[in-house]
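What follows is the content of query.cif, which has mmCIF, C-alpha atoms:
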```
data_entry
loop_
_atom_site.group_PDB
_atom_site.id
_atom_site.type_symbol
_atom_site.label_atom_id
_atom_site.label_comp_id
_atom_site.auth_asym_id
_atom_site.auth_seq_id
_atom_site.Cartn_x
_atom_site.Cartn_y
_atom_site.Cartn_z
ATOM 1 C CA MET X 1 -25.017 8.168 11.566
ATOM 2 C CA ILE X 2 -25.612 4.624 10.337
ATOM 3 C CA SER X 3 -25.296 4.156 6.601
ATOM 4 C CA GLU X 4 -27.750 2.230 4.443
ATOM 5 C CA ASP X 5 -25.343 -0.717 4.195
ATOM 6 C CA GLN X 6 -24.834 -0.775 7.951
ATOM 7 C CA SER X 7 -28.616 -0.656 8.509
ATOM 8 C CA LEU X 8 -29.057 -3.685 6.258
ATOM 9 C CA GLN X 9 -26.312 -5.517 8.129
ATOM 10 C CA LEU X 10 -27.955 -4.664 11.454
ATOM 11 C CA VAL X 11 -31.287 -6.056 10.255
ATOM 12 C CA GLN X 12 -29.575 -9.254 9.117
ATOM 13 C CA ILE X 13 -27.806 -9.636 12.451
ATOM 14 C CA LEU X 14 -31.032 -9.038 14.387
ATOM 15 C CA ALA X 15 -32.804 -11.643 12.255
ATOM 16 C CA VAL X 16 -30.114 -14.192 13.099
ATOM 17 C CA ALA X 17 -30.370 -13.180 16.773
ATOM 18 C CA VAL X 18 -34.133 -13.852 16.735
ATOM 19 C CA LEU X 19 -33.550 -17.307 15.243
ATOM 20 C CA VAL X 20 -30.898 -18.122 17.841
ATOM 21 C CA GLY X 21 -33.162 -16.854 20.627
ATOM 22 C CA SER X 22 -36.056 -18.962 19.390
ATOM 23 C CA SER X 23 -33.804 -21.999 19.284
ATOM 24 C CA LEU X 24 -32.703 -21.425 22.875
ATOM 25 C CA MET X 25 -36.261 -21.006 24.104
ATOM 26 C CA SER X 26 -37.396 -24.183 22.373
ATOM 27 C CA ARG X 27 -34.774 -26.177 24.251
ATOM 28 C CA ARG X 28 -36.398 -25.193 27.588
ATOM 29 C CA LEU X 29 -33.114 -24.384 29.318
ATOM 30 C CA ASN X 30 -33.134 -22.725 32.723
ATOM 31 C CA PHE X 31 -33.151 -18.932 32.876
ATOM 32 C CA ARG X 32 -29.498 -18.571 34.010
ATOM 33 C CA THR X 33 -28.172 -20.754 31.174
ATOM 34 C CA VAL X 34 -30.303 -18.954 28.600
ATOM 35 C CA THR X 35 -29.073 -15.581 29.890
ATOM 36 C CA ARG X 36 -25.397 -16.598 29.669
ATOM 37 C CA MET X 37 -25.812 -17.975 26.176
ATOM 38 C CA ALA X 38 -27.789 -14.915 25.049
ATOM 39 C CA LEU X 39 -25.075 -12.568 26.340
ATOM 40 C CA ALA X 40 -22.393 -14.608 24.586
ATOM 41 C CA TRP X 41 -24.272 -14.474 21.292
ATOM 42 C CA ALA X 42 -24.920 -10.742 21.749
ATOM 43 C CA ALA X 43 -21.174 -10.149 22.163
ATOM 44 C CA ILE X 44 -20.443 -12.167 19.024
ATOM 45 C CA PHE X 45 -23.034 -10.251 16.995
ATOM 46 C CA ALA X 46 -21.688 -6.926 18.302
ATOM 47 C CA LEU X 47 -18.172 -7.826 17.193
ATOM 48 C CA LEU X 48 -19.421 -8.905 13.776
ATOM 49 C CA PHE X 49 -21.364 -5.671 13.373
ATOM 50 C CA LEU X 50 -18.309 -3.579 14.302
ATOM 51 C CA ALA X 51 -16.113 -5.577 11.923
ATOM 52 C CA PHE X 52 -18.526 -4.973 9.036
ATOM 53 C CA GLY X 53 -19.027 -1.330 9.914
ATOM 54 C CA TYR X 54 -15.321 -0.545 10.116
ATOM 55 C CA ARG X 55 -14.035 -2.934 7.466
ATOM 56 C CA ASP X 56 -12.537 -0.088 5.362
ATOM 57 C CA ARG X 57 -10.539 1.212 8.308
ATOM 58 C CA ILE X 58 -9.446 -2.282 9.235
ATOM 59 C CA THR X 59 -8.248 -2.914 5.659
ATOM 60 C CA ALA X 60 -6.363 0.387 5.567
ATOM 61 C CA GLY X 61 -4.745 -0.402 8.909
ATOM 62 C CA PHE X 62 -3.692 -3.809 7.625
ATOM 63 C CA HIS X 63 -1.993 -2.231 4.609
ATOM 64 C CA ARG X 64 -0.157 0.257 6.822
ATOM 65 C CA ALA X 65 0.965 -2.503 9.176
ATOM 66 C CA THR X 66 2.295 -4.742 6.408
ATOM 67 C CA ALA X 67 4.167 -1.811 4.884
ATOM 68 C CA ALA X 68 5.669 -0.915 8.261
ATOM 69 C CA ILE X 69 7.071 -4.409 8.831
ATOM 70 C CA GLY X 70 8.414 -4.626 5.281
ATOM 71 C CA ILE X 71 5.950 -7.042 3.715
ATOM 72 C CA ALA X 72 6.075 -6.256 0.007
ATOM 73 C CA ASP X 73 2.825 -5.451 -1.775
ATOM 74 C CA GLN X 74 4.362 -6.710 -4.976
ATOM 75 C CA GLN X 75 4.707 -10.196 -6.408
ATOM 76 C CA LYS X 76 6.099 -11.963 -9.440
ATOM 77 C CA SER X 77 3.678 -13.056 -12.104
ATOM 78 C CA ALA X 78 3.241 -16.722 -12.933
ATOM 79 C CA ASN X 79 5.791 -16.606 -15.741
ATOM 80 C CA GLY X 80 8.484 -15.228 -13.420
ATOM 81 C CA GLU X 81 9.171 -12.203 -15.618
ATOM 82 C CA ALA X 82 6.790 -9.414 -14.752
ATOM 83 C CA VAL X 83 6.388 -7.802 -11.353
ATOM 84 C CA ILE X 84 2.798 -7.174 -10.305
ATOM 85 C CA LEU X 85 2.037 -4.336 -7.906
ATOM 86 C CA ARG X 86 -1.283 -4.130 -6.101
ATOM 87 C CA ARG X 87 -3.019 -0.811 -5.527
ATOM 88 C CA ASP X 88 -2.628 0.349 -1.941
ATOM 89 C CA ALA X 89 -5.511 1.436 0.301
ATOM 90 C CA ASP X 90 -4.556 5.062 -0.453
ATOM 91 C CA GLY X 91 -5.349 4.481 -4.133
ATOM 92 C CA HIS X 92 -1.708 4.584 -5.307
ATOM 93 C CA PHE X 93 0.819 2.006 -6.455
ATOM 94 C CA TRP X 94 3.977 1.560 -4.381
ATOM 95 C CA ALA X 95 7.164 -0.403 -5.056
ATOM 96 C CA ASN X 96 9.886 -1.600 -2.723
ATOM 97 C CA ALA X 97 13.108 -0.558 -4.459
ATOM 98 C CA THR X 98 16.471 -1.983 -3.440
ATOM 99 C CA ILE X 99 19.394 0.476 -3.470
ATOM 100 C CA ASN X 100 22.812 -0.270 -1.977
ATOM 101 C CA GLY X 101 21.353 -3.382 -0.380
ATOM 102 C CA LYS X 102 18.651 -1.397 1.424
ATOM 103 C CA THR X 103 14.928 -1.169 0.744
ATOM 104 C CA LEU X 104 13.119 2.088 0.018
ATOM 105 C CA ARG X 105 9.336 2.229 -0.406
ATOM 106 C CA MET X 106 8.569 4.467 -3.373
ATOM 107 C CA LEU X 107 5.394 5.877 -4.873
ATOM 108 C CA ILE X 108 5.077 5.125 -8.593
ATOM 109 C CA ASP X 109 4.204 8.373 -10.357
ATOM 110 C CA SER X 110 3.924 8.316 -14.152
ATOM 111 C CA GLY X 111 3.421 12.082 -14.001
ATOM 112 C CA ALA X 112 6.966 12.585 -12.683
ATOM 113 C CA SER X 113 9.562 12.751 -15.443
ATOM 114 C CA ILE X 114 12.431 11.826 -13.113
ATOM 115 C CA THR X 115 12.810 9.691 -10.016
ATOM 116 C CA ALA X 116 13.166 11.673 -6.792
ATOM 117 C CA ILE X 117 14.173 10.732 -3.246
ATOM 118 C CA SER X 118 14.198 12.686 -0.033
ATOM 119 C CA ASP X 119 17.404 13.983 1.482
ATOM 120 C CA ASP X 120 16.876 11.732 4.515
ATOM 121 C CA ALA X 121 16.557 8.702 2.247
ATOM 122 C CA ARG X 122 19.710 9.721 0.365
ATOM 123 C CA ARG X 123 21.730 9.798 3.586
ATOM 124 C CA ALA X 124 20.209 6.533 4.871
ATOM 125 C CA LEU X 125 21.151 4.809 1.590
ATOM 126 C CA GLY X 126 24.695 6.163 1.702
ATOM 127 C CA LEU X 127 24.368 8.066 -1.582
ATOM 128 C CA ARG X 128 26.390 11.129 -2.532
ATOM 129 C CA VAL X 129 25.220 13.918 -4.797
ATOM 130 C CA ASP X 130 26.999 14.441 -8.112
ATOM 131 C CA ALA X 131 29.517 17.269 -7.811
ATOM 132 C CA GLY X 132 28.971 20.414 -9.846
ATOM 133 C CA PHE X 133 25.299 19.873 -10.551
ATOM 134 C CA GLY X 134 22.348 21.862 -9.300
ATOM 135 C CA ALA X 135 19.036 22.711 -10.873
ATOM 136 C CA VAL X 136 15.554 23.990 -10.163
ATOM 137 C CA VAL X 137 12.601 21.768 -10.996
ATOM 138 C CA THR X 138 8.916 22.604 -10.967
ATOM 139 C CA THR X 139 6.770 20.516 -8.636
ATOM 140 C CA ALA X 140 3.156 20.612 -7.551
ATOM 141 C CA ASN X 141 4.304 22.780 -4.642
ATOM 142 C CA GLY X 142 6.262 25.186 -6.842
ATOM 143 C CA PRO X 143 9.941 25.440 -7.881
ATOM 144 C CA VAL X 144 12.409 23.347 -5.870
ATOM 145 C CA LYS X 145 16.191 23.449 -5.945
ATOM 146 C CA VAL X 146 17.546 19.929 -6.397
ATOM 147 C CA GLU X 147 20.823 18.068 -6.636
ATOM 148 C CA ARG X 148 21.511 15.087 -8.852
ATOM 149 C CA ILE X 149 22.500 11.570 -7.847
ATOM 150 C CA THR X 150 23.568 8.742 -10.127
ATOM 151 C CA ILE X 151 22.471 5.471 -8.551
ATOM 152 C CA PRO X 152 24.701 2.613 -9.774
ATOM 153 C CA GLN X 153 21.843 0.111 -9.600
ATOM 154 C CA MET X 154 18.202 0.120 -8.526
ATOM 155 C CA ALA X 155 16.113 -3.043 -8.379
ATOM 156 C CA VAL X 156 12.407 -3.720 -7.998
ATOM 157 C CA GLU X 157 12.313 -7.468 -7.379
ATOM 158 C CA HIS X 158 14.316 -8.931 -10.296
ATOM 159 C CA ILE X 159 13.930 -5.824 -12.481
ATOM 160 C CA ILE X 160 17.268 -3.998 -12.402
ATOM 161 C CA VAL X 161 18.072 -0.574 -13.822
ATOM 162 C CA ASP X 162 21.708 0.543 -13.951
ATOM 163 C CA LYS X 163 23.010 4.096 -13.602
ATOM 164 C CA LEU X 164 19.667 5.674 -12.832
ATOM 165 C CA THR X 165 19.634 9.453 -12.477
ATOM 166 C CA VAL X 166 17.559 10.770 -9.585
ATOM 167 C CA VAL X 167 17.151 14.130 -7.923
ATOM 168 C CA THR X 168 17.093 14.951 -4.227
ATOM 169 C CA SER X 169 16.208 17.916 -2.066
ATOM 170 C CA PRO X 170 15.431 18.589 1.608
ATOM 171 C CA GLN X 171 12.211 20.180 0.342
ATOM 172 C CA PHE X 172 10.911 16.773 -0.738
ATOM 173 C CA GLY X 173 10.195 15.962 2.917
ATOM 174 C CA ASP X 174 9.759 12.207 3.220
ATOM 175 C CA ASN X 175 8.476 11.724 -0.340
ATOM 176 C CA ASN X 176 10.199 9.164 -2.552
ATOM 177 C CA VAL X 177 8.909 8.881 -6.118
ATOM 178 C CA LEU X 178 9.665 6.366 -8.858
ATOM 179 C CA GLY X 179 9.292 8.359 -12.053
ATOM 180 C CA MET X 180 9.197 7.867 -15.805
ATOM 181 C CA ASN X 181 12.967 7.625 -16.237
ATOM 182 C CA PHE X 182 12.701 4.271 -14.411
ATOM 183 C CA LEU X 183 9.515 3.144 -16.163
ATOM 184 C CA ASP X 184 11.021 4.017 -19.570
ATOM 185 C CA GLN X 185 13.693 1.352 -18.966
ATOM 186 C CA LEU X 186 11.023 -1.361 -19.013
ATOM 187 C CA GLN X 187 9.605 -3.190 -21.998
ATOM 188 C CA SER X 188 6.156 -2.099 -20.817
ATOM 189 C CA TRP X 189 4.075 -1.130 -17.821
ATOM 190 C CA THR X 190 0.314 -1.406 -17.663
ATOM 191 C CA VAL X 191 -2.487 -0.807 -15.197
ATOM 192 C CA SER X 192 -5.559 -3.012 -15.104
ATOM 193 C CA GLY X 193 -7.996 -2.541 -12.263
ATOM 194 C CA ASP X 194 -6.086 -2.702 -9.002
ATOM 195 C CA LYS X 195 -2.936 -4.192 -10.539
ATOM 196 C CA MET X 196 0.088 -2.618 -12.196
ATOM 197 C CA THR X 197 2.309 -4.920 -14.252
ATOM 198 C CA LEU X 198 5.964 -4.067 -14.819
ATOM 199 C CA LEU X 199 7.536 -6.082 -17.624
ATOM 200 C CA PRO X 200 11.334 -5.861 -17.978
ATOM 201 C CA LYS X 201 13.106 -5.810 -21.322
ATOM 202 C CA ALA X 202 14.220 -9.182 -22.638
ATOM 203 C CA ASP X 203 17.898 -10.000 -22.188
#
```
Kindly transcribe the structure held in the file into structure tokens.
Amino acid sequence: MISEDQSLQLVQILAVAVLVGSSLMSRRLNFRTVTRMALAWAAIFALLFLAFGYRDRITAGFHRATAAIGIADQQKSANGEAVILRRDADGHFWANATINGKTLRMLIDSGASITAISDDARRALGLRVDAGFGAVVTTANGPVKVERITIPQMAVEHIIVDKLTVVTSPQFGDNNVLGMNFLDQLQSWTVSGDKMTLLPKAD
């Protein structure tokens, strides 16, 4: 079913098509030339209509593609201090964290008291769990048995946090969450519109 916005776009495209057709007729070109040009313009208008109609899907696909090839959706602010994260197409904020020289894309969740990484991510980063520690934490999916890891250093751009405690569990699946114990190490973090600003503490 065509939405109201798409209907308006279709009317606009048809109006332009009528103008183009009138222009072609006024030039008194032969029928074959007019037909070729009309088909070419029809193809162009069809592509434009599809692009407008599926612009949300195209944008979402672009975000997924840039994430897959490692293009960061974060940038430094003009003063070179804060890191600005842009809201993803899924409505969340993500950060590319560097651990042991490797990059891990993490969901920023201010509702999580502690940073958590999946067991697969732990192994890929070459991290070992702290011996003699085990606990059960409550998640949205119920209680989960976790193990603790002390990460010597985690960086988001130039923001560096030393000796960060995180938890890991096979039950986390492929979820990696940057929680409040990271955000609490900052001078401030704020959300305004589609931007999240992370400001590190002054040296």
Target residues per the PyMOL selection byres ((chain X and resi 164) around 12), formatted as JSON, numbers by chain: {"X": [99, 114, 115, 116, 148, 149, 150, 151, 152, 153, 154, 155, 160, 161, 162, 163, 165, 166, 167, 178, 179, 180, 181, 182, 183, 184, 185]}
Serialized selection, C-alpha atoms, as a PDB file, in the frame of the given file:
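Final output, saved to out-v6.pdb:
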```pdb
ATOM      1  CA  ILE X  99      19.394   0.476  -3.470  1.00  0.00           C
ATOM      2  CA  ILE X 114      12.431  11.826 -13.113  1.00  0.00           C
ATOM      3  CA  THR X 115      12.810   9.691 -10.016  1.00  0.00           C
ATOM      4  CA  ALA X 116      13.166  11.673  -6.792  1.00  0.00           C
ATOM      5  CA  ARG X 148      21.511  15.087  -8.852  1.00  0.00           C
ATOM      6  CA  ILE X 149      22.500  11.570  -7.847  1.00  0.00           C
ATOM      7  CA  THR X 150      23.568   8.742 -10.127  1.00  0.00           C
ATOM      8  CA  ILE X 151      22.471   5.471  -8.551  1.00  0.00           C
ATOM      9  CA  PRO X 152      24.701   2.613  -9.774  1.00  0.00           C
ATOM     10  CA  GLN X 153      21.843   0.111  -9.600  1.00  0.00           C
ATOM     11  CA  MET X 154      18.202   0.120  -8.526  1.00  0.00           C
ATOM     12  CA  ALA X 155      16.113  -3.043  -8.379  1.00  0.00           C
ATOM     13  CA  ILE X 160      17.268  -3.998 -12.402  1.00  0.00           C
ATOM     14  CA  VAL X 161      18.072  -0.574 -13.822  1.00  0.00           C
ATOM     15  CA  ASP X 162      21.708   0.543 -13.951  1.00  0.00           C
ATOM     16  CA  LYS X 163      23.010   4.096 -13.602  1.00  0.00           C
ATOM     17  CA  THR X 165      19.634   9.453 -12.477  1.00  0.00           C
ATOM     18  CA  VAL X 166      17.559  10.770  -9.585  1.00  0.00           C
ATOM     19  CA  VAL X 167      17.151  14.130  -7.923  1.00  0.00           C
ATOM     20  CA  LEU X 178       9.665   6.366  -8.858  1.00  0.00           C
ATOM     21  CA  GLY X 179       9.292   8.359 -12.053  1.00  0.00           C
ATOM     22  CA  MET X 180       9.197   7.867 -15.805  1.00  0.00           C
ATOM     23  CA  ASN X 181      12.967   7.625 -16.237  1.00  0.00           C
ATOM     24  CA  PHE X 182      12.701   4.271 -14.411  1.00  0.00           C
ATOM     25  CA  LEU X 183       9.515   3.144 -16.163  1.00  0.00           C
ATOM     26  CA  ASP X 184      11.021   4.017 -19.570  1.00  0.00           C
ATOM     27  CA  GLN X 185      13.693   1.352 -18.966  1.00  0.00           C
TER      28      GLN X 185
END
```
Nearest candidate to Asp174 of chain X (options X:Val191, X:Val144, X:Ala43, X:Leu107; using all atoms listed in the file):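 Among X:Val191, X:Val144, X:Ala43, X:Leu107, it is X:Leu107 that comes nearest to Asp174 of chain X.
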Minimum-distance residue to Trp94 of chain X, chosen among X:Val177, X:Ala112, X:Ala124, X:Ala40 (using all atoms listed in the file): X:Val177
Select, counting only C-alpha atoms, all protein, DNA and RNA residues no farther than 8 Å from (3.9, -1.6, -8.1) in file coordinates, and express the selection as a tab-separated table (two decimals) with C-alpha atoms, in the coordinates of the input.
```tsv
chain	number	residue	atom	x	y	z
X	73	ASP	CA	2.82	-5.45	-1.78
X	74	GLN	CA	4.36	-6.71	-4.98
X	83	VAL	CA	6.39	-7.80	-11.35
X	84	ILE	CA	2.80	-7.17	-10.30
X	85	LEU	CA	2.04	-4.34	-7.91
X	86	ARG	CA	-1.28	-4.13	-6.10
X	87	ARG	CA	-3.02	-0.81	-5.53
X	93	PHE	CA	0.82	2.01	-6.46
X	94	TRP	CA	3.98	1.56	-4.38
X	95	ALA	CA	7.16	-0.40	-5.06
X	108	ILE	CA	5.08	5.12	-8.59
X	195	LYS	CA	-2.94	-4.19	-10.54
X	196	MET	CA	0.09	-2.62	-12.20
X	197	THR	CA	2.31	-4.92	-14.25
X	198	LEU	CA	5.96	-4.07	-14.82
```
Nearest to Lys102 of chain X by atom-to-atom distance, counting all atoms listed in the file, from X:Asn175, X:Glu81, X:Gly126, X:Asp90: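 Going through X:Asn175, X:Glu81, X:Gly126, X:Asp90 one by one, the smallest distance to Lys102 of chain X is for X:Gly126.
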Expand the PyMOL selection byres ((chain X and resi 170) around 10) into the explicit residue set it covers here, and present it as a list in words.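 After applying the PyMOL selection byres ((chain X and resi 170) around 10), what remains is Ile117, Ser118, Asp119, Asp120, Ala121, Arg122, Val144, Lys145, Val146, Glu147, Thr168, Ser169, Gln171, Phe172, Gly173, Asp174 and Asn175 of chain X.
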With all atoms listed in the file as the atoms that count, which of X:Leu199, X:Met106, X:Leu47, X:Leu127 lies nearest to His92 of chain X?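 Among the listed residues, the smallest separation from His92 of chain X belongs to X:Met106.
Going from atom CA of Arg123 of chain X to atom CA of Gly101 of chain X covers 13.8 Å.
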Record the distance separating atom CA of Asp88 of chain X and atom CA of Asp109 of chain X, expressed in Å with one decimal.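 So the answer is 13.5 Å.
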Please compute the atom CA of Pro143 of chain X-atom CA of Trp189 of chain X distance, one decimal, in Å.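 These two atoms are separated by 29.0 Å.
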Pick from X:Ala131, X:Ser113, X:His158, X:Met37: nearest to Ala97 of chain X, with all atoms listed in the file counted?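 Checking each candidate against Ala97 of chain X, we get X:His158 as the closest.
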Could you tell me, as a list of chain:residue names, which residues have any atom at most 8 Å from (15.1, -6.8, -19.5), counting only C-alpha atoms?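 Here is the list of nearby residues: X:Ile159, X:Ile160, X:Leu186, X:Gln187, X:Leu199, X:Pro200, X:Lys201, X:Ala202, X:Asp203.
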May I have the selected residues written with C-alpha atoms, as a tab-separated table (two decimals), keeping the file's coordinate frame?
```
chain	number	residue	atom	x	y	z
X	159	ILE	CA	13.93	-5.82	-12.48
X	160	ILE	CA	17.27	-4.00	-12.40
X	186	LEU	CA	11.02	-1.36	-19.01
X	187	GLN	CA	9.60	-3.19	-22.00
X	199	LEU	CA	7.54	-6.08	-17.62
X	200	PRO	CA	11.33	-5.86	-17.98
X	201	LYS	CA	13.11	-5.81	-21.32
X	202	ALA	CA	14.22	-9.18	-22.64
X	203	ASP	CA	17.90	-10.00	-22.19
```
